$ cat input29.cif   # mmCIF, C-alpha atoms
data_protein
#
loop_
_atom_site.label_atom_id
_atom_site.label_comp_id
_atom_site.auth_asym_id
_atom_site.auth_seq_id
_atom_site.Cartn_x
_atom_site.Cartn_y
_atom_site.Cartn_z
CA MET A 1286 117.97 -94.01 -63.20
CA ARG A 1287 116.58 -97.48 -63.64
CA GLY A 1288 113.75 -99.58 -62.28
CA VAL A 1289 109.98 -99.54 -62.29
CA CYS A 1290 108.64 -96.16 -63.34
CA LYS A 1291 105.30 -94.78 -62.26
CA LYS A 1292 103.41 -92.00 -63.96
CA GLY A 1293 102.39 -88.57 -62.87
CA PRO A 1294 103.73 -85.79 -60.61
CA HIS A 1295 102.74 -85.65 -56.95
CA ALA A 1296 102.57 -82.32 -55.10
CA VAL A 1297 103.64 -82.39 -51.46
CA GLY A 1298 103.20 -79.38 -49.20
CA PRO A 1299 101.41 -76.08 -49.71
CA VAL A 1300 100.96 -74.75 -53.22
CA ALA A 1301 101.17 -70.98 -53.39
CA ALA A 1302 99.34 -70.15 -56.60
CA GLY A 1303 99.81 -66.54 -57.60
CA ALA A 1304 100.78 -65.46 -54.08
CA ALA A 1305 103.00 -62.40 -53.71
CA VAL A 1306 106.56 -63.18 -52.74
CA SER A 1307 107.14 -62.05 -49.16
CA LEU A 1308 108.60 -63.57 -46.04
CA SER A 1309 106.45 -64.47 -43.07
CA ALA A 1310 107.62 -64.03 -39.51
CA ALA A 1311 108.32 -67.76 -39.27
CA GLU A 1312 110.34 -67.67 -42.48
CA ARG A 1313 112.38 -64.75 -41.22
CA THR A 1314 113.24 -66.82 -38.19
CA ARG A 1315 114.01 -69.94 -40.25
CA TYR A 1316 116.26 -68.09 -42.69
CA GLN A 1317 117.83 -65.71 -40.19
CA ARG A 1318 121.39 -66.75 -41.07
CA HIS A 1319 120.71 -65.98 -44.73
CA LEU A 1320 119.14 -62.66 -43.90
CA SER A 1321 122.28 -61.73 -41.97
CA LEU A 1322 124.39 -62.12 -45.11
CA ALA A 1323 124.57 -58.81 -46.97
CA GLU A 1324 125.01 -60.75 -50.23
CA ILE A 1325 121.62 -62.45 -49.76
CA GLY A 1326 119.49 -60.57 -47.24
CA PRO A 1327 115.69 -60.31 -47.53
CA ALA A 1328 115.79 -59.62 -51.28
CA GLY A 1329 117.86 -62.72 -51.97
CA GLN A 1330 115.70 -64.88 -49.73
CA GLU A 1331 112.60 -63.70 -51.57
CA LYS A 1332 114.29 -64.72 -54.84
CA LEU A 1333 114.82 -68.15 -53.34
CA LYS A 1334 111.18 -68.33 -52.32
CA ALA A 1335 110.12 -67.49 -55.88
CA ALA A 1336 112.59 -69.91 -57.48
CA ARG A 1337 111.62 -73.15 -59.22
CA VAL A 1338 114.35 -75.80 -59.33
CA LEU A 1339 114.24 -79.29 -60.83
CA VAL A 1340 116.58 -81.96 -59.44
CA VAL A 1341 117.05 -84.79 -61.93
CA GLY A 1342 118.03 -87.94 -60.07
CA ALA A 1343 117.24 -88.44 -56.39
CA GLY A 1344 120.37 -90.49 -55.78
CA GLY A 1345 123.76 -89.74 -54.29
CA LEU A 1346 124.06 -86.30 -55.89
CA GLY A 1347 120.40 -85.33 -55.81
CA SER A 1348 120.00 -86.21 -52.13
CA PRO A 1349 122.29 -83.54 -50.60
CA ALA A 1350 121.47 -81.02 -53.33
CA ALA A 1351 117.72 -81.31 -52.73
CA LEU A 1352 118.07 -81.28 -48.94
CA TYR A 1353 120.09 -78.09 -48.94
CA LEU A 1354 117.82 -76.38 -51.47
CA ALA A 1355 114.79 -77.28 -49.37
CA ALA A 1356 116.47 -76.07 -46.21
CA ALA A 1357 117.49 -72.85 -47.94
CA GLY A 1358 113.88 -72.06 -48.83
CA CYS A 1359 113.73 -72.82 -52.55
CA GLY A 1360 110.04 -72.10 -53.14
CA THR A 1361 109.27 -74.86 -55.66
CA LEU A 1362 111.44 -77.94 -55.76
CA GLY A 1363 110.92 -80.75 -58.28
CA LEU A 1364 112.38 -84.21 -57.70
CA LEU A 1365 112.56 -86.53 -60.71
CA ASP A 1366 113.52 -90.19 -60.47
CA CYS A 1367 111.91 -93.42 -61.68
CA ASP A 1368 113.75 -95.77 -59.31
CA GLU A 1369 112.70 -97.28 -56.01
CA VAL A 1370 114.84 -97.05 -52.89
CA GLU A 1371 117.13 -100.05 -52.41
CA LEU A 1372 119.07 -101.01 -49.31
CA SER A 1373 122.38 -100.51 -51.13
CA ASN A 1374 121.40 -96.87 -51.81
CA LEU A 1375 121.53 -95.94 -48.14
CA GLN A 1376 125.35 -95.93 -48.06
CA ARG A 1377 125.30 -92.54 -49.82
CA GLN A 1378 121.73 -91.41 -50.61
CA ILE A 1379 121.04 -89.47 -47.43
CA LEU A 1380 117.58 -88.38 -48.53
CA PHE A 1381 116.26 -91.79 -47.43
CA ASP A 1382 116.26 -94.03 -44.38
CA THR A 1383 115.67 -97.75 -43.99
CA SER A 1384 111.91 -97.35 -43.80
CA ALA A 1385 111.91 -95.95 -47.35
CA VAL A 1386 113.31 -99.12 -48.93
CA GLY A 1387 110.93 -100.27 -51.67
CA LEU A 1388 109.26 -96.87 -52.09
CA PRO A 1389 109.56 -94.69 -55.20
CA LYS A 1390 112.51 -92.38 -54.70
CA ALA A 1391 110.73 -89.30 -55.99
CA VAL A 1392 107.74 -89.77 -53.67
CA ALA A 1393 109.73 -90.75 -50.57
CA GLY A 1394 112.24 -87.98 -51.22
CA ALA A 1395 109.53 -85.36 -51.69
CA ALA A 1396 107.94 -86.35 -48.38
CA ARG A 1397 111.30 -85.99 -46.63
CA LEU A 1398 111.88 -82.54 -48.16
CA ALA A 1399 108.39 -81.37 -47.22
CA ALA A 1400 108.98 -82.55 -43.65
CA LEU A 1401 112.24 -80.62 -43.57
CA ASN A 1402 110.59 -77.42 -44.77
CA PRO A 1403 106.76 -77.34 -44.92
CA ASP A 1404 106.85 -73.77 -46.26
CA ILE A 1405 108.02 -74.85 -49.71
CA ARG A 1406 106.25 -76.69 -52.52
CA VAL A 1407 107.77 -80.06 -53.42
CA ILE A 1408 106.72 -81.88 -56.58
CA ALA A 1409 107.59 -85.54 -57.09
CA HIS A 1410 108.05 -86.77 -60.65
CA PRO A 1411 108.30 -90.59 -60.34
CA LEU A 1412 108.95 -91.15 -64.02
CA GLU A 1413 111.71 -91.72 -66.52
CA LEU A 1414 112.98 -88.66 -68.35
CA THR A 1415 112.61 -89.11 -72.10
CA ALA A 1416 112.74 -86.99 -75.22
CA THR A 1417 108.95 -86.97 -75.14
CA ASN A 1418 108.53 -85.39 -71.71
CA ALA A 1419 111.83 -83.59 -71.05
CA ALA A 1420 111.00 -80.26 -72.68
CA ALA A 1421 107.69 -79.88 -70.87
CA LEU A 1422 109.22 -80.82 -67.51
CA VAL A 1423 112.18 -78.46 -67.85
CA ALA A 1424 109.87 -75.63 -68.93
CA GLN A 1425 108.16 -75.75 -65.52
CA TYR A 1426 111.38 -74.75 -63.74
CA ASP A 1427 113.89 -71.92 -63.79
CA LEU A 1428 116.97 -74.00 -63.07
CA VAL A 1429 117.94 -77.67 -63.39
CA LEU A 1430 120.38 -79.73 -61.35
CA ASP A 1431 121.48 -82.96 -63.04
CA GLY A 1432 122.66 -85.82 -60.86
CA SER A 1433 121.67 -88.68 -63.16
CA ASP A 1434 123.81 -91.79 -63.49
CA ARG A 1435 123.11 -92.54 -67.15
CA LEU A 1436 124.99 -90.91 -69.99
CA ALA A 1437 121.93 -90.72 -72.23
CA THR A 1438 120.01 -88.87 -69.52
CA ARG A 1439 122.90 -86.49 -68.98
CA TYR A 1440 122.92 -85.46 -72.64
CA LEU A 1441 119.13 -85.28 -72.76
CA VAL A 1442 119.01 -82.94 -69.75
CA ASN A 1443 121.69 -80.76 -71.31
CA ASP A 1444 119.87 -80.55 -74.63
CA ALA A 1445 116.54 -79.79 -72.95
CA CYS A 1446 118.14 -76.95 -71.00
CA VAL A 1447 119.91 -75.50 -74.03
CA LEU A 1448 116.81 -75.64 -76.23
CA GLY A 1449 114.60 -74.44 -73.37
CA HIS A 1450 116.96 -71.63 -72.33
CA ARG A 1451 117.34 -72.93 -68.78
CA ALA A 1452 120.43 -72.85 -66.59
CA LEU A 1453 121.95 -76.22 -65.68
CA VAL A 1454 124.30 -77.37 -62.94
CA SER A 1455 125.70 -80.77 -63.91
CA ALA A 1456 127.74 -83.09 -61.70
CA ALA A 1457 129.15 -86.60 -62.04
CA ILE A 1458 130.98 -88.98 -59.71
CA HIS A 1459 133.22 -92.00 -60.23
CA ARG A 1460 134.82 -94.06 -57.44
CA PHE A 1461 136.79 -91.38 -55.53
CA GLU A 1462 136.51 -88.50 -58.02
CA GLY A 1463 133.87 -86.05 -59.17
CA GLN A 1464 133.33 -83.16 -61.55
CA LEU A 1465 131.05 -80.14 -61.79
CA LEU A 1466 130.06 -77.77 -64.60
CA THR A 1467 127.51 -74.95 -64.81
CA TYR A 1468 125.76 -73.91 -68.01
CA ILE A 1469 124.06 -70.53 -68.37
CA PRO A 1470 122.27 -69.86 -71.70
CA GLY A 1471 124.29 -67.44 -73.80
CA ALA A 1472 127.05 -67.14 -71.21
CA GLY A 1473 129.24 -70.19 -71.65
CA PRO A 1474 129.71 -73.73 -72.93
CA CYS A 1475 127.21 -76.53 -72.39
CA TYR A 1476 127.90 -80.13 -71.37
CA ARG A 1477 128.26 -81.22 -75.01
CA CYS A 1478 130.91 -78.53 -75.52
CA ALA A 1479 132.97 -80.10 -72.75
CA PHE A 1480 132.17 -83.71 -73.70
CA PRO A 1481 131.11 -83.86 -77.34
CA HIS A 1482 131.50 -87.64 -77.48
CA GLY A 1483 129.77 -90.17 -75.26
CA GLN A 1484 131.91 -91.37 -72.37
CA GLY A 1485 130.08 -93.82 -70.16
CA ALA A 1486 132.95 -94.27 -67.74
CA ILE A 1487 132.59 -90.72 -66.51
CA VAL A 1488 129.12 -91.49 -65.22
CA ALA A 1489 129.70 -95.15 -64.57
CA ASN A 1490 127.04 -96.85 -62.50
CA CYS A 1491 127.89 -96.98 -58.80
CA ALA A 1492 126.89 -100.64 -58.66
CA THR A 1493 129.69 -101.64 -61.02
CA ALA A 1494 132.33 -98.98 -60.42
CA GLY A 1495 131.78 -98.40 -56.71
CA VAL A 1496 131.77 -95.02 -55.04
CA LEU A 1497 133.00 -93.58 -51.76
CA GLY A 1498 129.84 -92.89 -49.75
CA VAL A 1499 130.67 -89.27 -48.90
CA LEU A 1500 131.80 -88.33 -52.43
CA PRO A 1501 128.33 -87.47 -53.82
CA GLY A 1502 127.74 -85.42 -50.68
CA VAL A 1503 130.60 -83.12 -51.67
CA LEU A 1504 129.54 -82.75 -55.29
CA GLY A 1505 125.81 -82.53 -54.51
CA THR A 1506 126.48 -79.79 -51.97
CA LEU A 1507 128.51 -77.92 -54.57
CA GLN A 1508 125.57 -78.22 -56.97
CA ALA A 1509 123.28 -76.68 -54.36
CA THR A 1510 125.84 -73.93 -53.78
CA GLU A 1511 125.88 -73.09 -57.48
CA ALA A 1512 122.08 -73.07 -57.53
CA LEU A 1513 121.86 -70.66 -54.58
CA LYS A 1514 124.40 -68.38 -56.25
CA LEU A 1515 122.52 -68.37 -59.55
CA ILE A 1516 119.16 -67.72 -57.91
CA THR A 1517 120.35 -64.90 -55.67
CA GLY A 1518 122.83 -63.42 -58.14
CA THR A 1519 125.67 -63.84 -55.66
CA GLY A 1520 129.27 -64.69 -56.51
CA VAL A 1521 130.81 -66.00 -59.72
CA PRO A 1522 129.17 -69.04 -61.36
CA LEU A 1523 131.17 -72.03 -62.58
CA THR A 1524 130.68 -71.26 -66.27
CA GLY A 1525 133.45 -72.07 -68.71
CA ARG A 1526 135.22 -74.03 -65.98
CA LEU A 1527 135.21 -77.74 -65.21
CA LEU A 1528 135.81 -78.32 -61.51
CA THR A 1529 137.23 -81.71 -60.51
CA TYR A 1530 137.59 -83.20 -57.04
CA ASP A 1531 139.84 -86.03 -55.88
CA ALA A 1532 138.67 -87.29 -52.49
CA LEU A 1533 141.74 -89.42 -51.82
CA GLU A 1534 144.06 -86.46 -52.34
CA MET A 1535 141.55 -83.95 -50.95
CA ARG A 1536 142.38 -81.85 -53.97
CA PHE A 1537 140.34 -79.65 -56.30
CA ALA A 1538 141.45 -78.75 -59.82
CA GLU A 1539 139.94 -76.49 -62.45
CA PHE A 1540 140.09 -76.67 -66.23
CA ARG A 1541 138.92 -74.05 -68.68
CA VAL A 1542 136.22 -75.14 -71.14
CA ALA A 1543 135.35 -72.99 -74.15
CA ARG A 1544 132.09 -72.88 -76.02
CA ARG A 1545 132.41 -74.81 -79.26
CA SER A 1546 131.16 -73.02 -82.35
CA ASP A 1547 130.52 -76.48 -83.84
CA CYS A 1548 128.66 -77.81 -80.79
CA THR A 1549 125.76 -79.93 -81.99
CA VAL A 1550 123.25 -78.24 -79.69
CA CYS A 1551 124.52 -74.76 -78.70
CA GLY A 1552 126.88 -74.07 -81.61
CA ASN A 1553 126.47 -71.63 -84.44
CA SER A 1554 124.75 -74.18 -86.70
CA PRO A 1555 123.37 -76.82 -84.33
CA SER A 1556 122.22 -80.16 -85.70
CA ILE A 1557 120.16 -80.87 -82.57
CA THR A 1558 117.07 -78.69 -82.82
CA GLU A 1559 114.65 -81.02 -81.09
CA LEU A 1560 115.01 -83.60 -78.36
CA LYS A 1561 115.78 -87.18 -79.29
CA ASP A 1562 116.57 -90.19 -77.15
CA GLU A 1563 120.15 -91.39 -77.46
CA PRO A 1564 120.48 -94.76 -79.21
CA PRO A 1565 121.04 -97.58 -76.70
CA MET A 1566 124.51 -98.37 -78.02
CA SER A 1567 125.80 -94.97 -76.91
CA ASP A 1568 124.95 -95.63 -73.29
CA PRO A 1569 126.82 -96.34 -71.15
CA VAL A 1570 130.05 -96.68 -73.19
CA SER A 1571 130.88 -94.95 -76.44
CA ALA A 1572 132.36 -97.13 -79.16
CA ALA A 1573 134.80 -94.31 -79.86
CA VAL A 1574 136.70 -94.92 -76.62
CA ARG A 1575 138.53 -98.14 -75.80
CA HIS A 1576 138.51 -99.22 -72.17
CA LEU A 1577 141.49 -101.20 -70.92
CA SER A 1578 141.82 -102.97 -67.61
CA PRO A 1579 145.29 -103.00 -66.02
CA THR A 1580 145.66 -106.66 -66.97
CA GLU A 1581 144.81 -105.96 -70.61
CA LEU A 1582 147.28 -103.08 -70.77
CA ALA A 1583 149.99 -105.18 -69.12
CA GLU A 1584 149.50 -107.89 -71.74
CA MET A 1585 149.78 -105.28 -74.50
CA LEU A 1586 153.02 -103.96 -73.03
CA GLN A 1587 154.51 -107.44 -72.73
CA GLY A 1588 153.49 -108.53 -76.23
CA GLY A 1589 155.79 -108.63 -79.17
CA ALA A 1590 153.95 -105.99 -81.15
CA SER A 1591 154.77 -102.30 -81.02
CA PRO A 1592 153.87 -100.96 -77.57
CA PRO A 1593 151.03 -98.45 -77.37
CA LEU A 1594 151.61 -94.78 -76.79
CA LEU A 1595 151.11 -94.15 -73.06
CA VAL A 1596 150.15 -90.62 -72.05
CA ASP A 1597 150.03 -89.87 -68.32
CA VAL A 1598 147.86 -86.79 -67.69
CA ARG A 1599 148.50 -86.45 -63.95
CA GLU A 1600 150.24 -83.50 -62.32
CA ASP A 1601 154.03 -83.32 -61.93
CA TYR A 1602 154.20 -84.53 -58.33
CA GLU A 1603 151.95 -87.50 -59.14
CA PHE A 1604 154.03 -88.54 -62.13
CA GLU A 1605 157.30 -88.19 -60.25
CA ALA A 1606 156.05 -90.45 -57.45
CA GLY A 1607 155.60 -93.36 -59.83
CA HIS A 1608 154.63 -94.01 -63.44
CA LEU A 1609 154.63 -96.65 -66.14
CA LYS A 1610 157.82 -97.17 -68.12
CA ASP A 1611 157.99 -95.13 -71.35
CA ALA A 1612 154.87 -93.13 -70.44
CA VAL A 1613 154.82 -89.60 -71.85
CA HIS A 1614 153.94 -87.03 -69.18
CA VAL A 1615 151.46 -84.38 -70.34
CA PRO A 1616 149.32 -82.88 -67.55
CA LEU A 1617 145.70 -82.51 -68.57
CA GLY A 1618 145.91 -78.72 -68.67
CA ARG A 1619 148.64 -78.92 -71.34
CA LEU A 1620 147.12 -81.79 -73.29
CA PRO A 1621 145.33 -79.82 -76.09
CA ALA A 1622 148.65 -78.49 -77.43
CA TYR A 1623 150.23 -81.95 -77.30
CA LEU A 1624 147.33 -83.56 -79.14
CA GLY A 1625 148.05 -81.34 -82.12
CA THR A 1626 151.35 -83.17 -82.57
CA LEU A 1627 149.78 -86.64 -82.74
CA ALA A 1628 148.81 -88.53 -85.86
CA PRO A 1629 145.10 -89.41 -86.10
CA ASP A 1630 145.92 -93.14 -85.88
CA SER A 1631 148.30 -92.87 -82.89
CA ALA A 1632 145.68 -94.55 -80.63
CA PRO A 1633 147.08 -93.26 -77.31
CA VAL A 1634 146.32 -94.84 -73.96
CA PHE A 1635 145.56 -92.16 -71.37
CA ILE A 1636 146.42 -92.70 -67.71
CA CYS A 1637 145.59 -90.83 -64.53
CA ARG A 1638 145.20 -91.65 -60.86
CA GLY A 1639 141.67 -93.06 -60.79
CA GLY A 1640 140.47 -93.12 -64.41
CA MET A 1641 138.40 -89.95 -64.57
CA ARG A 1642 140.87 -87.34 -65.78
CA SER A 1643 142.04 -89.81 -68.39
CA MET A 1644 138.45 -90.06 -69.66
CA SER A 1645 138.45 -86.28 -70.05
CA ALA A 1646 141.70 -86.71 -71.99
CA CYS A 1647 139.95 -89.19 -74.28
CA ALA A 1648 137.28 -86.58 -74.95
CA LEU A 1649 139.90 -83.98 -75.82
CA ALA A 1650 141.65 -86.47 -78.10
CA LEU A 1651 138.45 -87.27 -79.97
CA ARG A 1652 137.76 -83.57 -80.35
CA ALA A 1653 141.26 -83.11 -81.80
CA GLY A 1654 140.66 -85.83 -84.39
CA VAL A 1655 142.69 -88.57 -82.72
CA HIS A 1656 140.98 -91.89 -83.41
CA SER A 1657 140.34 -94.70 -80.95
CA PRO A 1658 141.88 -93.30 -77.75
CA ALA A 1659 141.98 -95.69 -74.82
CA ASN A 1660 141.41 -95.19 -71.11
CA LEU A 1661 143.15 -97.15 -68.36
CA ASP A 1662 140.05 -97.84 -66.31
CA GLY A 1663 140.70 -97.34 -62.62
CA GLY A 1664 143.95 -95.55 -63.36
CA MET A 1665 147.18 -96.05 -61.46
CA LEU A 1666 145.31 -97.00 -58.31
CA ARG A 1667 143.86 -100.06 -60.02
CA TRP A 1668 147.20 -100.77 -61.74
CA ALA A 1669 148.90 -100.89 -58.33
CA ALA A 1670 146.19 -103.15 -56.96
CA GLU A 1671 146.11 -105.62 -59.85
CA VAL A 1672 149.49 -105.51 -61.62
CA ASP A 1673 152.28 -103.79 -59.70
CA PRO A 1674 151.77 -103.45 -55.92
CA GLY A 1675 155.24 -101.96 -55.60
CA ILE A 1676 154.58 -98.84 -57.63
CA GLU A 1677 153.93 -95.67 -55.64
CA VAL A 1678 150.76 -93.75 -56.44
CA ALA A 1679 150.63 -90.19 -55.14
#
$ encode --input "input29.cif" --output "C-alpha cells"
Amino acid sequence: MRGVCKKGPHAVGPVAAGAAVSLSAAERTRYQRHLSLAEIGPAGQEKLKAARVLVVGAGGLGSPAALYLAAAGCGTLGLLDCDEVELSNLQRQILFDTSAVGLPKAVAGAARLAALNPDIRVIAHPLELTATNAAALVAQYDLVLDGSDRLATRYLVNDACVLGHRALVSAAIHRFEGQLLTYIPGAGPCYRCAFPHGQGAIVANCATAGVLGVLPGVLGTLQATEALKLITGTGVPLTGRLLTYDALEMRFAEFRVARRSDCTVCGNSPSITELKDEPPMSDPVSAAVRHLSPTELAEMLQGGASPPLLVDVREDYEFEAGHLKDAVHVPLGRLPAYLGTLAPDSAPVFICRGGMRSMSACALALRAGVHSPANLDGGMLRWAAEVDPGIEVA
C-alpha cells in the first residue's frame, strides 16, 4: 500500500453498540441461502453478524474478500488502506468504479460495502499500517485478512496477529499464480514459519510484475471462504497447508507447512516480542535471495566458468515437456530432503513455471542453511519468451 495517507477511521452504516445478536425479518430474507445450509443455519448467521473482521489492503485481494464478507453479513468489517484509487487499479480491484478514481480506497470501498449491505457496520481506516498502530487496530477485530502488496506489511500483520492472538488468512499473488495460508493461534504455523526470510518477489508489486486481472478474484474469494469457515466453525481450515494456484494451468497444489520451534515470533523462544517496522532494505527484495532474469542466467550458462546448479521444482509432467539442459529435477514437495544433500555454498538456481514456486524453494533452501539461492524470475514462461521460444512449457 503506497500513496498519500490520511488519518482516522470513518464509520459507515449503522453502529450496533451492545445490541443483542439476532436476525431481523429482513436479514432472514437476505441470508436465506445461508440459513438453508445445515452447516450454517441461524446460529452460524448470528455468529457472522457478531463477527469483526479487518481486511488489510483494499486492492485486488481485498476487493472480492470484502465484498463477499459484506454480502455474507459480517457484522463489523474494517477496511484498511492508505492509497487512493487509480485508473490502473480498475482492471482487477472490483470494489471500485471509474467514479472512485482519486478517492481514498478505504473510504470509497467502505461506502461501496455499506451500499451492498446497509445492515452491517463498515469502518474505513485510510492510513498506513505501522508498528505503532498495528496492535491497537488488530485488537479491535476477531479475524484479519491480509491482502497487502508489501513484504514489510505482510510480516507486520503476521506478527500483530501472533502477538495479539488473532486468526489470520494471508494471500499473495504474482503474475498468473497465487498462494493462501491460514494461521490460527496455537493451532498451526504462522507466515514466518512458512517464509522465515524476506522474499519480495512473492508479493511483487503488480505495477512491475503484472497480474492477470481475475487472479486476485480467485484468491480473495478463497480468503473470504476461509473467513466464513472460521467464523461459523464450518469445515476444515487451511492451517499447516500452503495452497497454491496456477491460473494458466487451472491447477491447485497443496504443500504441508510445519510450525517452526525456532520461529522468531511464534516459536518456543521468540525474539520478536513487540512490533517493529521492517528495515527498508528488506522490502521488497531480501538480500539473501539472488534474482536472475532469463538473459542473466543464459549468460551464466554460456560463460567459461563452472555452470550454476539448476534445480527445477516443477511437477513431473511439466519437467518432461521441456527443461533447461543439465537441470536437476526435484519437485517442490520433495525438495526438503534434497536440500539436505547440498553444501551450504552450492548456490542453486531454482526454476519453476512462473517464478513463484521457485521463490518458495529459495525460502526452503535458506531455512536448510543453503547460502545465496537464486530465483529465475518469471520462470520457464519468461525463459521461453526472452531466450528460447522453441522450448515447450507445460
$ resolve_selection --input "input29.cif" --expression "the PyMOL selection byres ((chain A and resi 1660-1667) around 7)" --output "list in words"
Arg1575, His1576, Leu1577, Ser1578, Pro1579, Val1634, Phe1635, Ile1636, Cys1637, Arg1638, Gly1639, Gly1640, Ser1643, Met1644, Cys1647, Pro1658, Ala1659, Trp1668, Ala1669, Ala1670, Glu1671 and Val1678 of chain A
$ atom_distance --input "input29.cif" --atom1 "atom CA of A:Leu1352" --atom2 "atom CA of A:Ala1421"
24.3 Å
$ residues_near_point --input "input29.cif" --point "(124.6, -78.2, -64.3)" --cutoff "10 Å" --atoms "all atoms listed in the file" --output "list in words"
Leu1428, Val1429, Leu1430, Asp1431, Gly1432, Arg1439, Val1442, Asn1443, Cys1446, Ala1452, Leu1453, Val1454, Ser1455, Ala1456, Ala1457, Leu1465, Leu1466, Thr1467, Tyr1468, Ile1469, Cys1475, Tyr1476, Gln1508, Glu1511, Ala1512, Leu1523 and Thr1524 of chain A
$ atom_distance --input "input29.cif" --atom1 "atom CA of A:Leu1620" --atom2 "atom CA of A:Ala1650"
8.7 Å
$ resolve_selection --input "input29.cif" --expression "the PyMOL selection byres ((chain A and resi 1387-1398) around 9)" --output "JSON, numbers by chain"
{"A": [1289, 1290, 1291, 1294, 1295, 1296, 1297, 1298, 1342, 1343, 1344, 1348, 1351, 1352, 1355, 1356, 1362, 1363, 1364, 1365, 1366, 1367, 1368, 1369, 1370, 1371, 1372, 1380, 1381, 1384, 1385, 1386, 1399, 1400, 1401, 1402, 1403, 1405, 1407, 1408, 1409, 1410, 1411, 1412]}
$ resolve_selection --input "input29.cif" --expression "the PyMOL selection byres ((chain A and resi 1648) around 9)" --output "JSON, numbers by chain"
{"A": [1479, 1480, 1481, 1482, 1483, 1484, 1574, 1643, 1644, 1645, 1646, 1647, 1649, 1650, 1651, 1652, 1653, 1658]}
$ closest_residue --input "input29.cif" --among "A:Leu1354, A:Pro1592, A:Glu1677, A:Pro1501" --to "A:Arg1377" --atoms "all atoms listed in the file"
A:Pro1501
$ closest_residue --input "input29.cif" --among "A:Lys1610, A:Leu1617, A:Glu1581, A:Ser1433" --to "A:Gly1505" --atoms "all atoms listed in the file"
A:Ser1433
$ atom_distance --input "input29.cif" --atom1 "atom CA of A:Ala1424" --atom2 "atom CA of A:Gly1449"
6.6 Å
$ closest_atom_pairs --input "input29.cif" --of "stretch 1512-1616 of chain A" --to "stretch 1416-1419 of chain A" --cutoff "9 Å" --atoms "all atoms listed in the file" --output "tab-separated table"
residue	atom	partner	partner_atom	distance
A:Glu1559	CA	A:Ala1416	CA	8.6
A:Leu1560	CA	A:Ala1416	CA	5.1
A:Lys1561	CA	A:Ala1416	CA	5.1
A:Asp1562	CA	A:Ala1416	CA	5.4
A:Glu1563	CA	A:Ala1416	CA	8.9
$ residues_around --input "input29.cif" --residues "A:Lys1332" --least-positions-apart "6" --cutoff "9 Å" --atoms "all atoms listed in the file" --output "ChimeraX atom specification"
/A:1306,1359-1360,1516-1517
$ residues_near_point --input "input29.cif" --point "(140.2, -85.3, -56.8)" --cutoff "10 Å" --atoms "all atoms listed in the file" --output "PDB file with C-alpha atoms, in the frame of the given file"
ATOM      1  CA  PHE A1461     136.790 -91.380 -55.530  1.00  0.00           C
ATOM      2  CA  GLU A1462     136.510 -88.500 -58.020  1.00  0.00           C
ATOM      3  CA  GLY A1463     133.870 -86.050 -59.170  1.00  0.00           C
ATOM      4  CA  GLN A1464     133.330 -83.160 -61.550  1.00  0.00           C
ATOM      5  CA  LEU A1500     131.800 -88.330 -52.430  1.00  0.00           C
ATOM      6  CA  LEU A1528     135.810 -78.320 -61.510  1.00  0.00           C
ATOM      7  CA  THR A1529     137.230 -81.710 -60.510  1.00  0.00           C
ATOM      8  CA  TYR A1530     137.590 -83.200 -57.040  1.00  0.00           C
ATOM      9  CA  ASP A1531     139.840 -86.030 -55.880  1.00  0.00           C
ATOM     10  CA  ALA A1532     138.670 -87.290 -52.490  1.00  0.00           C
ATOM     11  CA  LEU A1533     141.740 -89.420 -51.820  1.00  0.00           C
ATOM     12  CA  GLU A1534     144.060 -86.460 -52.340  1.00  0.00           C
ATOM     13  CA  MET A1535     141.550 -83.950 -50.950  1.00  0.00           C
ATOM     14  CA  ARG A1536     142.380 -81.850 -53.970  1.00  0.00           C
ATOM     15  CA  PHE A1537     140.340 -79.650 -56.300  1.00  0.00           C
ATOM     16  CA  ALA A1538     141.450 -78.750 -59.820  1.00  0.00           C
ATOM     17  CA  ARG A1638     145.200 -91.650 -60.860  1.00  0.00           C
ATOM     18  CA  GLY A1639     141.670 -93.060 -60.790  1.00  0.00           C
ATOM     19  CA  MET A1641     138.400 -89.950 -64.570  1.00  0.00           C
ATOM     20  CA  ARG A1642     140.870 -87.340 -65.780  1.00  0.00           C
TER      21      ARG A1642
END
$ closest_residue --input "input29.cif" --among "A:Ala1628, A:Tyr1353, A:Gly1654, A:Ala1606" --to "A:Gly1675" --atoms "only C-alpha atoms"
A:Ala1606
$ closest_residue --input "input29.cif" --among "A:Ala1509, A:Gln1317, A:Ala1323, A:Gly1502" --to "A:Leu1339" --atoms "only C-alpha atoms"
A:Ala1509
$ build_atoms --input "input29.cif" --residues "stretch 1372-1379 of chain A" --atoms "N, CA and C atoms" --output "PDB file, in the coordinates of the input"
ATOM      1  N   LEU A1372     118.248-101.030 -50.513  1.00  0.00           N
ATOM      2  CA  LEU A1372     119.070-101.010 -49.310  1.00  0.00           C
ATOM      3  C   LEU A1372     120.485-100.525 -49.606  1.00  0.00           C
ATOM      4  N   SER A1373     121.012-100.907 -50.779  1.00  0.00           N
ATOM      5  CA  SER A1373     122.380-100.510 -51.130  1.00  0.00           C
ATOM      6  C   SER A1373     122.504 -99.011 -51.396  1.00  0.00           C
ATOM      7  N   ASN A1374     121.369 -98.320 -51.598  1.00  0.00           N
ATOM      8  CA  ASN A1374     121.400 -96.870 -51.810  1.00  0.00           C
ATOM      9  C   ASN A1374     121.769 -96.111 -50.540  1.00  0.00           C
ATOM     10  N   LEU A1375     121.454 -96.686 -49.390  1.00  0.00           N
ATOM     11  CA  LEU A1375     121.530 -95.940 -48.140  1.00  0.00           C
ATOM     12  C   LEU A1375     122.966 -95.624 -47.713  1.00  0.00           C
ATOM     13  N   GLN A1376     123.949 -96.230 -48.356  1.00  0.00           N
ATOM     14  CA  GLN A1376     125.350 -95.930 -48.060  1.00  0.00           C
ATOM     15  C   GLN A1376     125.710 -94.496 -48.432  1.00  0.00           C
ATOM     16  N   ARG A1377     124.950 -93.876 -49.346  1.00  0.00           N
ATOM     17  CA  ARG A1377     125.300 -92.540 -49.820  1.00  0.00           C
ATOM     18  C   ARG A1377     124.097 -91.648 -50.093  1.00  0.00           C
ATOM     19  N   GLN A1378     122.900 -92.209 -50.236  1.00  0.00           N
ATOM     20  CA  GLN A1378     121.730 -91.410 -50.610  1.00  0.00           C
ATOM     21  C   GLN A1378     120.993 -90.988 -49.333  1.00  0.00           C
ATOM     22  N   ILE A1379     121.454 -89.884 -48.775  1.00  0.00           N
ATOM     23  CA  ILE A1379     121.040 -89.470 -47.430  1.00  0.00           C
ATOM     24  C   ILE A1379     119.624 -88.897 -47.385  1.00  0.00           C
TER      25      ILE A1379
END
